[in-house]
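Visitor: Below is target-v9.pdb; it holds PDB, C-alpha atoms.
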ATOM      1  CA  SER U  22      -5.188 -98.729 -10.113
ATOM      2  CA  SER U  23      -2.845-101.638  -9.512
ATOM      3  CA  SER U  24      -0.497-101.981  -6.565
ATOM      4  CA  SER U  25       2.202 -99.329  -6.341
ATOM      5  CA  SER U  26       4.635-101.845  -4.820
ATOM      6  CA  SER U  27       5.363-103.439  -8.193
ATOM      7  CA  SER U  28       7.918-101.937 -10.562
ATOM      8  CA  PRO U  29       6.467 -99.978 -13.465
ATOM      9  CA  SER U  30       6.383-101.882 -16.750
ATOM     10  CA  TYR U  31       6.053-101.271 -20.470
ATOM     11  CA  VAL U  32       3.241-103.218 -22.162
ATOM     12  CA  PRO U  33       2.305-103.519 -25.852
ATOM     13  CA  PHE U  34      -0.457-101.236 -27.106
ATOM     14  CA  LYS U  35      -2.837-104.158 -27.737
ATOM     15  CA  ASP U  36      -2.352-105.582 -24.229
ATOM     16  CA  THR U  37      -5.703-106.070 -22.464
ATOM     17  CA  ARG U  38      -4.425-103.998 -19.516
ATOM     18  CA  VAL U  39      -4.232-100.851 -21.638
ATOM     19  CA  VAL U  40      -7.422 -99.439 -20.131
ATOM     20  CA  ARG U  41      -8.323 -96.490 -17.907
ATOM     21  CA  GLY U  42      -6.861 -96.798 -14.423
ATOM     22  CA  MET U  43      -4.236 -99.397 -15.372
ATOM     23  CA  ALA U  44      -1.966 -98.133 -18.156
ATOM     24  CA  LEU U  45      -0.791 -94.651 -19.044
ATOM     25  CA  VAL U  46      -0.650 -94.156 -22.827
ATOM     26  CA  VAL U  47       2.046 -91.766 -24.106
ATOM     27  CA  ASP U  48       2.723 -90.006 -27.415
ATOM     28  CA  CYS U  49      -0.510 -91.209 -29.037
ATOM     29  CA  THR U  50      -4.224 -91.187 -28.359
ATOM     30  CA  HIS U  51      -6.410 -93.984 -26.983
ATOM     31  CA  PRO U  52     -10.205 -94.289 -26.723
ATOM     32  CA  VAL U  53     -10.290 -94.898 -22.956
ATOM     33  CA  ALA U  54      -6.834 -94.957 -21.315
ATOM     34  CA  THR U  55      -5.295 -91.891 -19.653
ATOM     35  CA  GLN U  56      -2.856 -90.155 -22.020
ATOM     36  CA  ILE U  57       0.063 -87.769 -22.061
ATOM     37  CA  THR U  58       0.601 -86.716 -25.657
ATOM     38  CA  HIS U  59       1.134 -83.630 -27.782
ATOM     39  CA  HIS U  60      -1.067 -85.055 -30.541
ATOM     40  CA  LYS U  61      -4.315 -83.484 -31.639
ATOM     41  CA  GLY U  62      -7.468 -85.172 -30.468
ATOM     42  CA  SER U  63      -6.118 -86.006 -27.018
ATOM     43  CA  PRO U  64      -7.925 -85.032 -23.798
ATOM     44  CA  VAL U  65      -6.937 -81.705 -22.270
ATOM     45  CA  LEU U  66      -3.964 -82.098 -19.932
ATOM     46  CA  PRO U  67      -3.693 -80.285 -16.582
ATOM     47  CA  SER U  68      -2.123 -76.847 -17.094
ATOM     48  CA  CYS U  69       0.843 -77.758 -14.864
ATOM     49  CA  LEU U  70       1.859 -80.385 -17.451
ATOM     50  CA  LYS U  71       1.119 -78.312 -20.544
ATOM     51  CA  GLN U  72       3.415 -75.380 -19.725
ATOM     52  CA  GLN U  73       6.232 -75.200 -22.306
ATOM     53  CA  MET U  74       5.199 -78.619 -23.614
ATOM     54  CA  MET U  75       6.402 -79.252 -27.153
ATOM     55  CA  SER U  76       6.911 -83.008 -27.128
ATOM     56  CA  SER U  77       5.054 -85.753 -25.308
ATOM     57  CA  SER U  78       8.267 -86.324 -23.337
ATOM     58  CA  ASP U  79       7.991 -82.765 -21.977
ATOM     59  CA  GLY U  80       4.596 -83.694 -20.515
ATOM     60  CA  VAL U  81       5.793 -86.986 -19.031
ATOM     61  CA  LEU U  82       8.880 -85.370 -17.486
ATOM     62  CA  ALA U  83       6.772 -82.544 -16.029
ATOM     63  CA  ALA U  84       4.447 -85.123 -14.457
ATOM     64  CA  VAL U  85       7.373 -87.119 -13.047
ATOM     65  CA  ARG U  86       9.005 -83.971 -11.653
ATOM     66  CA  ILE U  87       5.957 -83.068  -9.518
ATOM     67  CA  ASN U  88       4.892 -86.693  -8.906
ATOM     68  CA  HIS U  89       1.553 -85.925 -10.510
ATOM     69  CA  PRO U  90      -1.289 -88.440  -9.959
ATOM     70  CA  ILE U  91      -1.305 -89.111 -13.729
ATOM     71  CA  VAL U  92       2.073 -90.805 -13.179
ATOM     72  CA  LYS U  93       1.696 -91.871  -9.560
ATOM     73  CA  ASN U  94      -1.544 -93.786 -10.163
ATOM     74  CA  HIS U  95      -0.230 -95.938 -13.023
ATOM     75  CA  ARG U  96       2.240 -98.826 -12.994
ATOM     76  CA  LEU U  97       2.007 -99.630 -16.710
ATOM     77  CA  VAL U  98       2.879 -97.531 -19.757
ATOM     78  CA  SER U  99       2.213 -98.060 -23.458
ATOM     79  CA  THR U 100       2.323 -96.428 -26.895
ATOM     80  CA  ASN U 101       1.338 -97.452 -30.404
ATOM     81  CA  HIS U 102       4.643 -96.795 -32.195
ATOM     82  CA  PHE U 103       8.386 -96.445 -31.735
ATOM     83  CA  ASP U 104      10.105 -93.140 -32.369
ATOM     84  CA  ILE U 105      12.407 -90.944 -30.305
ATOM     85  CA  ASP U 106       9.663 -89.000 -28.513
ATOM     86  CA  SER U 107       7.592 -92.086 -27.702
ATOM     87  CA  PHE U 108      10.711 -93.911 -26.509
ATOM     88  CA  ILE U 109      11.889 -91.062 -24.246
ATOM     89  CA  SER U 110       8.326 -90.778 -22.864
ATOM     90  CA  VAL U 111       8.150 -94.497 -22.033
ATOM     91  CA  TRP U 112      11.705 -94.698 -20.671
ATOM     92  CA  SER U 113      11.204 -91.625 -18.459
ATOM     93  CA  PHE U 114       8.036 -93.094 -16.929
ATOM     94  CA  LEU U 115       9.882 -96.362 -16.171
ATOM     95  CA  ASN U 116      13.087 -94.723 -14.871
ATOM     96  CA  GLN U 117      11.813 -91.682 -13.017
ATOM     97  CA  GLU U 118      14.746 -91.056 -10.706
ATOM     98  CA  MET U 119      17.325 -91.178 -13.480
ATOM     99  CA  ALA U 120      15.022 -89.207 -15.784
ATOM    100  CA  MET U 121      15.059 -86.352 -13.284
ATOM    101  CA  GLN U 122      18.874 -86.392 -13.186
ATOM    102  CA  HIS U 123      19.021 -86.079 -16.991
ATOM    103  CA  MET U 124      15.812 -84.134 -17.603
ATOM    104  CA  ASP U 125      17.307 -81.352 -19.752
ATOM    105  CA  VAL U 126      19.109 -83.737 -22.109
ATOM    106  CA  LEU U 127      16.030 -85.964 -22.404
ATOM    107  CA  LYS U 128      13.823 -82.977 -23.281
ATOM    108  CA  GLU U 129      16.214 -81.852 -26.016
ATOM    109  CA  THR U 130      16.572 -85.409 -27.351
ATOM    110  CA  ALA U 131      12.798 -85.677 -27.807
ATOM    111  CA  ARG U 132      12.572 -82.219 -29.394
ATOM    112  CA  ILE U 133      15.337 -82.922 -31.904
ATOM    113  CA  GLY U 134      13.878 -86.342 -32.660
ATOM    114  CA  ASP U 135      10.295 -85.176 -33.140
ATOM    115  CA  PHE U 136      10.656 -81.585 -34.407
ATOM    116  CA  ARG U 137      14.228 -81.492 -35.769
ATOM    117  CA  ASP U 138      14.626 -78.351 -33.672
ATOM    118  CA  LEU U 139      18.406 -78.053 -33.722
ATOM    119  CA  SER U 140      20.458 -75.287 -32.140
ATOM    120  CA  LEU U 141      23.869 -76.616 -31.160
ATOM    121  CA  ASN U 142      24.777 -73.581 -29.063
ATOM    122  CA  HIS U 143      22.095 -74.779 -26.629
ATOM    123  CA  PRO U 144      23.880 -76.314 -23.608
ATOM    124  CA  TYR U 145      22.255 -79.758 -23.845
ATOM    125  CA  GLN U 146      21.664 -80.194 -27.558
ATOM    126  CA  ASN U 147      25.086 -81.533 -28.499
ATOM    127  CA  LYS U 148      24.705 -84.583 -26.260
ATOM    128  CA  ALA U 149      21.041 -84.879 -27.231
ATOM    129  CA  LEU U 150      21.961 -84.959 -30.930
ATOM    130  CA  LYS U 151      24.468 -87.762 -30.266
ATOM    131  CA  ILE U 152      21.734 -89.747 -28.504
ATOM    132  CA  CYS U 153      19.350 -89.192 -31.442
ATOM    133  CA  CYS U 154      22.021 -90.343 -33.881
ATOM    134  CA  TRP U 155      22.680 -93.437 -31.745
ATOM    135  CA  LEU U 156      18.973 -94.313 -31.636
ATOM    136  CA  ASN U 157      18.563 -93.721 -35.386
ATOM    137  CA  THR U 158      21.614 -95.751 -36.357
ATOM    138  CA  VAL U 159      21.022 -98.719 -34.076
ATOM    139  CA  GLU U 160      17.309 -98.821 -34.941
ATOM    140  CA  ASN U 161      18.141 -99.011 -38.643
ATOM    141  CA  LYS U 162      20.842-101.652 -38.155
ATOM    142  CA  LYS U 163      18.906-103.942 -35.816
ATOM    143  CA  PHE U 164      15.335-103.468 -37.026
ATOM    144  CA  TYR U 165      13.333-101.964 -39.887
ATOM    145  CA  VAL U 166      13.259 -98.335 -40.959
ATOM    146  CA  PRO U 167      10.952 -96.089 -38.911
ATOM    147  CA  PHE U 168       7.331 -96.993 -39.544
ATOM    148  CA  GLY U 169       8.489 -99.497 -42.149
ATOM    149  CA  SER U 170       6.061-102.050 -40.748
ATOM    150  CA  GLN U 171       2.421-102.365 -41.764
ATOM    151  CA  ASN U 172       1.788-103.530 -38.210
ATOM    152  CA  GLU U 173       3.560-100.888 -36.125
ATOM    153  CA  HIS U 174       1.436-101.482 -33.008
ATOM    154  CA  ASP U 175       2.852-105.017 -32.714
ATOM    155  CA  ASP U 176       6.236-104.799 -34.409
ATOM    156  CA  SER U 177       7.436-101.754 -32.448
ATOM    157  CA  VAL U 178       7.337-103.859 -29.255
ATOM    158  CA  ALA U 179      10.636-105.554 -30.157
ATOM    159  CA  LYS U 180      12.302-102.144 -30.460
ATOM    160  CA  PHE U 181      11.160-101.145 -26.966
ATOM    161  CA  ASN U 182      12.282-104.480 -25.525
ATOM    162  CA  PHE U 183      15.710-103.946 -27.077
ATOM    163  CA  PHE U 184      16.279-100.269 -26.258
ATOM    164  CA  LEU U 185      14.660 -99.927 -22.810
ATOM    165  CA  PRO U 186      17.216-102.011 -20.852
ATOM    166  CA  ARG U 187      20.192-100.506 -22.738
ATOM    167  CA  PHE U 188      19.384 -96.813 -22.744
ATOM    168  CA  HIS U 189      20.573 -95.914 -19.238
ATOM    169  CA  GLN U 190      24.161 -96.823 -20.216
ATOM    170  CA  VAL U 191      23.975 -94.637 -23.316
ATOM    171  CA  LEU U 192      22.535 -91.727 -21.346
ATOM    172  CA  LYS U 193      25.273 -91.983 -18.709
ATOM    173  CA  ASP U 194      28.181 -92.355 -21.138
ATOM    174  CA  ILE U 195      27.328 -91.527 -24.748
ATOM    175  CA  SER U 196      31.014 -91.347 -25.712
ATOM    176  CA  SER U 197      31.388 -95.109 -25.153
ATOM    177  CA  PHE U 198      28.923 -95.675 -28.011
ATOM    178  CA  ARG U 199      30.717 -93.343 -30.426
ATOM    179  CA  SER U 200      31.087 -95.947 -33.175
ATOM    180  CA  ASP U 201      27.293 -96.130 -33.466
ATOM    181  CA  TRP U 202      26.539 -92.410 -33.657
ATOM    182  CA  ILE U 203      29.628 -90.726 -35.129
ATOM    183  CA  ASP U 204      28.768 -91.058 -38.855
ATOM    184  CA  GLU U 205      25.320 -89.504 -38.685
ATOM    185  CA  TYR U 206      26.471 -86.961 -36.080
ATOM    186  CA  THR U 207      29.325 -85.821 -38.355
ATOM    187  CA  GLN U 208      26.966 -85.427 -41.327
ATOM    188  CA  VAL U 209      24.420 -83.430 -39.359
ATOM    189  CA  THR U 210      26.891 -81.148 -37.566
ATOM    190  CA  SER U 211      28.889 -80.364 -40.723
ATOM    191  CA  GLN U 212      25.716 -79.444 -42.577
ATOM    192  CA  TYR U 213      24.508 -77.441 -39.570
ATOM    193  CA  THR U 214      27.776 -75.471 -39.600
ATOM    194  CA  MET U 215      27.480 -74.849 -43.325
ATOM    195  CA  LEU U 216      23.891 -73.607 -43.051
ATOM    196  CA  ASN U 217      24.767 -71.277 -40.192
ATOM    197  CA  SER U 218      27.789 -69.792 -41.939
ATOM    198  CA  THR U 219      26.216 -69.239 -45.376
ATOM    199  CA  THR U 220      22.904 -67.649 -44.525
ATOM    200  CA  THR U 221      21.750 -64.498 -42.795
ATOM    201  CA  ARG U 222      18.283 -65.875 -42.136
ATOM    202  CA  THR U 223      17.002 -66.041 -38.592
ATOM    203  CA  ARG U 224      18.032 -68.928 -36.381
ATOM    204  CA  ARG U 225      14.444 -70.192 -36.370
ATOM    205  CA  THR U 226      14.513 -70.468 -40.175
ATOM    206  CA  ARG U 227      17.891 -72.185 -40.057
ATOM    207  CA  ARG U 228      16.519 -74.705 -37.615
ATOM    208  CA  ARG U 229      13.576 -75.369 -39.919
ATOM    209  CA  ARG U 230      15.964 -75.996 -42.801
ATOM    210  CA  MET U 231      18.053 -78.180 -40.516
ATOM    211  CA  GLY U 232      15.004 -80.393 -40.129
ATOM    212  CA  THR U 233      15.618 -81.888 -43.556
ATOM    213  CA  MET U 234      18.583 -83.724 -42.085
ATOM    214  CA  MET U 235      16.696 -85.443 -39.317
ATOM    215  CA  ARG U 236      14.068 -88.039 -40.083
ATOM    216  CA  SER U 237      10.945 -86.155 -41.103
ATOM    217  CA  GLU U 238       7.292 -86.793 -40.414
ATOM    218  CA  ASP U 239       4.327 -86.839 -42.719
ATOM    219  CA  THR U 240       1.664 -84.292 -41.929
ATOM    220  CA  ASN U 241      -0.932 -87.035 -42.242
ATOM    221  CA  SER U 242      -1.964 -88.694 -38.993
ATOM    222  CA  ASN U 243      -5.147 -90.185 -37.654
ATOM    223  CA  SER U 244      -6.482 -90.008 -34.111
ATOM    224  CA  ASN U 245      -4.893 -93.265 -33.037
ATOM    225  CA  SER U 246      -1.602 -93.170 -34.872
ATOM    226  CA  HIS U 247       1.534 -91.096 -34.746
ATOM    227  CA  SER U 248       2.325 -89.152 -37.885
ATOM    228  CA  GLN U 249       4.403 -91.414 -40.100
ATOM    229  CA  ARG U 250       8.057 -90.629 -40.505
ATOM    230  CA  ASP U 251       9.690 -90.458 -43.882
ATOM    231  CA  ASN U 252      11.211 -93.839 -44.671
ATOM    232  CA  ASP U 253      14.134 -92.198 -46.444
ATOM    233  CA  ASN U 254      16.782 -91.964 -43.749
ATOM    234  CA  THR U 255      19.633 -90.909 -46.014
ATOM    235  CA  THR U 256      20.830 -87.633 -44.588
ATOM    236  CA  ASN U 257      22.525 -86.466 -47.757
ATOM    237  CA  ASN U 258      19.441 -87.150 -49.898
ATOM    238  CA  LYS U 259      17.452 -84.862 -47.645
ATOM    239  CA  ILE U 260      20.155 -82.187 -47.792
ATOM    240  CA  ASN U 261      20.345 -82.407 -51.584
ATOM    241  CA  ASN U 262      16.584 -82.206 -51.976
ATOM    242  CA  ASN U 263      16.532 -79.194 -49.689
ATOM    243  CA  ASN U 264      19.310 -77.502 -51.659
ATOM    244  CA  LYS U 265      17.439 -78.129 -54.943
ATOM    245  CA  ASN U 266      14.335 -76.498 -53.506
ATOM    246  CA  ASN U 267      16.352 -73.537 -52.247
ATOM    247  CA  ASN U 268      18.025 -73.088 -55.657
ATOM    248  CA  LYS U 269      14.629 -73.211 -57.355
ATOM    249  CA  LYS U 270      13.333 -70.530 -54.990
ATOM    250  CA  LYS U 271      16.412 -68.360 -55.667
ATOM    251  CA  ASP U 272      15.882 -68.663 -59.454
ATOM    252  CA  GLU U 273      12.237 -67.670 -59.041
ATOM    253  CA  GLU U 274      13.233 -64.673 -56.906
ATOM    254  CA  LYS U 275      15.822 -63.559 -59.516
ATOM    255  CA  LYS U 276      13.248 -63.830 -62.312
ATOM    256  CA  LYS U 277      10.721 -61.844 -60.285
ATOM    257  CA  LYS U 278      13.320 -59.150 -59.594
ATOM    258  CA  LYS U 279      14.218 -58.896 -63.305
ATOM    259  CA  ASP U 280      10.559 -58.593 -64.247
ATOM    260  CA  GLU U 281      10.114 -55.801 -61.712
ATOM    261  CA  GLU U 282      13.189 -53.958 -63.078
ATOM    262  CA  LYS U 283      11.755 -54.193 -66.602
ATOM    263  CA  LYS U 284       8.484 -52.684 -65.368
ATOM    264  CA  ASP U 285      10.388 -49.817 -63.733
ATOM    265  CA  ASP U 286      12.192 -49.098 -67.022
TER     266      ASP U 286
END
Once you've parsed the file, please lay out its structure as structure tokens.
Guide:
Amino acid sequence: SSSSSSSPSYVPFKDTRVVRGMALVVDCTHPVATQITHHKGSPVLPSCLKQQMMSSSDGVLAAVRINHPIVKNHRLVSTNHFDIDSFISVWSFLNQEMAMQHMDVLKETARIGDFRDLSLNHPYQNKALKICCWLNTVENKKFYVPFGSQNEHDDSVAKFNFFLPRFHQVLKDISSFRSDWIDEYTQVTSQYTMLNSTTTRTRRTRRRRMGTMMRSEDTNSNSNSHSQRDNDNTTNNKINNNNKNNNKKKDEEKKKKKDEEKKDD
């Protein structure tokens, strides 16, 4: 591995240094480089990093926390796409001391961003949601929609170069960036409140339904690519589509119940 005296750096996925022993690859797979990712097809991680690992960021933060050789022996980090989990993974590797100070918020940010796992009574999720909304909004304003490029490996580099040097300020004082996150945050929290007050379903089910408000991911992914996120970032469209599906299900349930009553008669 390269000298540990140099500061860790982010490098593009196609950089020639993205090889075993030089660069750590996060949130995606790679044919030869060491990886920390939650994606299928990746090498088995040490059990100390896999415990309670949902997102790739969970694995990176666990490695940073114990100064695991998988982190200690690399000075470069890379990924093949930009999304919230890949960004938090990269940023945490590059800013290990600060990542440890904000570990709980960073974990929740990655989980909301990647799994839309929202439970606002959780102590860190309110701030984490604001960070997600900031990332979403600024990404859409400054760049292209998530995975809107046919050449994500290359085009995502500009997003990392923009967000990496700015993120520490957002993490320290999210309220100063309110104008960037407030619109999406208001939409998501109002819908979250509505869902929680109008249903008796379990919290887990509510959180699954809540996922329609955050940017969703396709189930299709290949071994070297992150699952593609839905390009439709309009929160209300997702809510409306979800409501239509729920109404359809309710109508089907009513019809089934009527048919059963007829049989009983």
Visitor: What gap, in Å, lies between CA of Leu45 (chain U) and CA of Gly169 (chain U)?
Guide: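 About the pair CA of Leu45 (chain U) and CA of Gly169 (chain U): they are 25.4 Å apart.
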Visitor: Which residues are close to Thr55 (chain U), i.e. within 10 Å by only C-alpha atoms, leaving aside same-chain residues fewer than 3 positions away? Reply as an NGL selection string.
Guide: :U and (39-47 or 50-52 or 58 or 63-64 or 66 or 91-92 or 95 or 98)
Visitor: Evaluating the PyMOL selection byres ((chain U and resi 139-145) around 7) on the displayed file yields which residues, as a list in words?
Guide: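 Applying the expression gives Asp125, Val126, Glu129, Ile133, Arg137, Asp138, Gln146, Asn147, Lys148, Ala149, Arg228 and Met231 of chain U.
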Visitor: Got a sec to resolve the PyMOL selection byres ((chain U and resi 152-155) around 7) on this structure and send the residues as number ranges by chain?
Guide: U: 130, 134, 148-151, 156-159, 195, 201-202, 205-206
Visitor: Can you measure CA of Lys93 (chain U) to CA of Ala120 (chain U) for me? One decimal in Å is fine.
Guide: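 Computing it gives 14.9 Å between the two atoms.
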Visitor: Run the PyMOL selection byres ((chain U and resi 111) around 9) against the file shown and list the residues it catches, as a list in words.
Guide: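 So the PyMOL selection byres ((chain U and resi 111) around 9) ends up selecting Tyr31, Val46, Val47, Asp48, Ser78, Val81, Val98, Ser99, Thr100, Asp106, Ser107, Phe108, Ile109, Ser110, Trp112, Ser113, Phe114, Leu115, Asn116, Phe181 and Leu185 of chain U.
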Visitor: Which protein, DNA or RNA residues are at most 8 Å from (0.6, -84.0, -20.4) in the file's coordinates when you count all atoms listed in the file, listed as a list in words?
Guide: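 Output: Gln56, Ile57, Thr58, His59, Leu66, Pro67, Leu70, Lys71, Met74, Ser77, Asp79, Gly80, Val81, Ala83 and Ala84 of chain U.
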Visitor: Would you compute an axis-aligned box for region 84-88 of chain U, covering every atom listed for it in the file with 6 Å of margin on each side, and report centre and edge lengths in Å to one decimal as AutoDock Vina command-line options?
Guide:
--center_x 6.7 --center_y -85.1 --center_z -11.7 --size_x 16.6 --size_y 16.1 --size_z 17.6
Visitor: Figure out the distance between CA of Phe136 (chain U) and CA of Tyr213 (chain U), please, to one decimal in Å.
Guide: 15.4 Å
Visitor: Rank nothing, just name the residue among U:Asn101, U:Ser218, U:Gln117, U:Gln212 nearest to Asp176 (chain U), using all atoms listed in the file.
Guide: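 Result for the nearest residue to Asp176 (chain U): U:Asn101.
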Visitor: Looking at all atoms listed in the file, which of U:Met119, U:Asn88, U:Pro33, U:Lys61 is the one that sits closest to Gln190 (chain U)?
Guide: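 Going through U:Met119, U:Asn88, U:Pro33, U:Lys61 one by one, the smallest distance to Gln190 (chain U) is for U:Met119.
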Visitor: Using only C-alpha atoms, which of U:His102, U:Met215, U:Arg199, U:Asp194 sits nearest Phe168 (chain U)?
Guide: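 Nearest to Phe168 (chain U): U:His102.
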Visitor: Of the candidates U:Gln171, U:Asn161, U:Thr207, U:Ser30, which one gets nearest to Pro186 (chain U) if we count all atoms listed in the file?
Guide: U:Ser30
Visitor: Name the closest residue to Arg132 (chain U) among the candidates U:Ile105, U:Leu192, U:Val85, U:Cys69; distances are taken between atoms, counting only C-alpha atoms.
Guide: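 Of all the options, U:Ile105 lies closest to Arg132 (chain U).
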Visitor: Starting from the sparse input, extend region 115-123 of chain U to all heavy atoms and give the output as a short mmCIF file (atom, residue, chain, number, x, y, z; two decimals), in the coordinates of the input.
Guide:
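result-v4.cif, freshly written:
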data_model
loop_
_atom_site.label_atom_id
_atom_site.label_comp_id
_atom_site.auth_asym_id
_atom_site.auth_seq_id
_atom_site.Cartn_x
_atom_site.Cartn_y
_atom_site.Cartn_z
N LEU U 115 9.36 -95.15 -16.81
CA LEU U 115 9.88 -96.36 -16.17
C LEU U 115 11.10 -96.10 -15.30
O LEU U 115 11.41 -96.88 -14.39
CB LEU U 115 10.26 -97.39 -17.24
CG LEU U 115 9.12 -97.91 -18.12
CD1 LEU U 115 9.68 -98.84 -19.20
CD2 LEU U 115 8.06 -98.63 -17.29
N ASN U 116 11.82 -95.01 -15.57
CA ASN U 116 13.09 -94.72 -14.87
C ASN U 116 13.06 -93.29 -14.33
O ASN U 116 13.87 -92.45 -14.70
CB ASN U 116 14.26 -94.90 -15.84
CG ASN U 116 14.35 -96.30 -16.40
OD1 ASN U 116 14.93 -97.20 -15.81
ND2 ASN U 116 13.75 -96.50 -17.57
N GLN U 117 12.11 -93.06 -13.41
CA GLN U 117 11.81 -91.68 -13.02
C GLN U 117 12.96 -90.98 -12.29
O GLN U 117 13.22 -89.80 -12.53
CB GLN U 117 10.53 -91.67 -12.18
CG GLN U 117 9.33 -92.14 -13.01
CD GLN U 117 8.04 -92.20 -12.24
OE1 GLN U 117 7.89 -91.58 -11.19
NE2 GLN U 117 7.06 -92.95 -12.75
N GLU U 118 13.65 -91.68 -11.45
CA GLU U 118 14.75 -91.06 -10.71
C GLU U 118 15.87 -90.62 -11.65
O GLU U 118 16.35 -89.49 -11.59
CB GLU U 118 15.29 -92.04 -9.65
CG GLU U 118 16.22 -91.37 -8.66
CD GLU U 118 16.70 -92.35 -7.57
OE1 GLU U 118 15.93 -93.29 -7.22
OE2 GLU U 118 17.82 -92.17 -7.09
N MET U 119 16.26 -91.51 -12.53
CA MET U 119 17.32 -91.18 -13.48
C MET U 119 16.86 -90.14 -14.49
O MET U 119 17.63 -89.28 -14.93
CB MET U 119 17.81 -92.44 -14.20
CG MET U 119 19.09 -92.22 -14.99
SD MET U 119 19.74 -93.76 -15.66
CE MET U 119 21.13 -93.12 -16.60
N ALA U 120 15.58 -90.19 -14.85
CA ALA U 120 15.02 -89.21 -15.78
C ALA U 120 15.14 -87.79 -15.21
O ALA U 120 15.42 -86.84 -15.95
CB ALA U 120 13.57 -89.54 -16.09
N MET U 121 14.94 -87.66 -13.91
CA MET U 121 15.06 -86.35 -13.28
C MET U 121 16.51 -85.86 -13.30
O MET U 121 16.76 -84.66 -13.45
CB MET U 121 14.54 -86.41 -11.84
CG MET U 121 13.02 -86.50 -11.72
SD MET U 121 12.15 -85.09 -12.48
CE MET U 121 11.86 -85.68 -14.17
N GLN U 122 17.45 -86.76 -13.16
CA GLN U 122 18.87 -86.39 -13.19
C GLN U 122 19.30 -85.90 -14.58
O GLN U 122 20.22 -85.11 -14.70
CB GLN U 122 19.74 -87.59 -12.78
CG GLN U 122 19.55 -88.02 -11.33
CD GLN U 122 20.17 -89.39 -11.06
OE1 GLN U 122 20.88 -89.94 -11.89
NE2 GLN U 122 19.86 -89.95 -9.89
N HIS U 123 18.63 -86.40 -15.61
CA HIS U 123 19.02 -86.08 -16.99
C HIS U 123 17.90 -85.38 -17.75
O HIS U 123 17.84 -85.45 -18.98
CB HIS U 123 19.40 -87.37 -17.72
CG HIS U 123 20.57 -88.08 -17.12
ND1 HIS U 123 21.88 -87.83 -17.48
CD2 HIS U 123 20.63 -89.04 -16.16
CE1 HIS U 123 22.69 -88.60 -16.78
NE2 HIS U 123 21.96 -89.35 -15.98
#
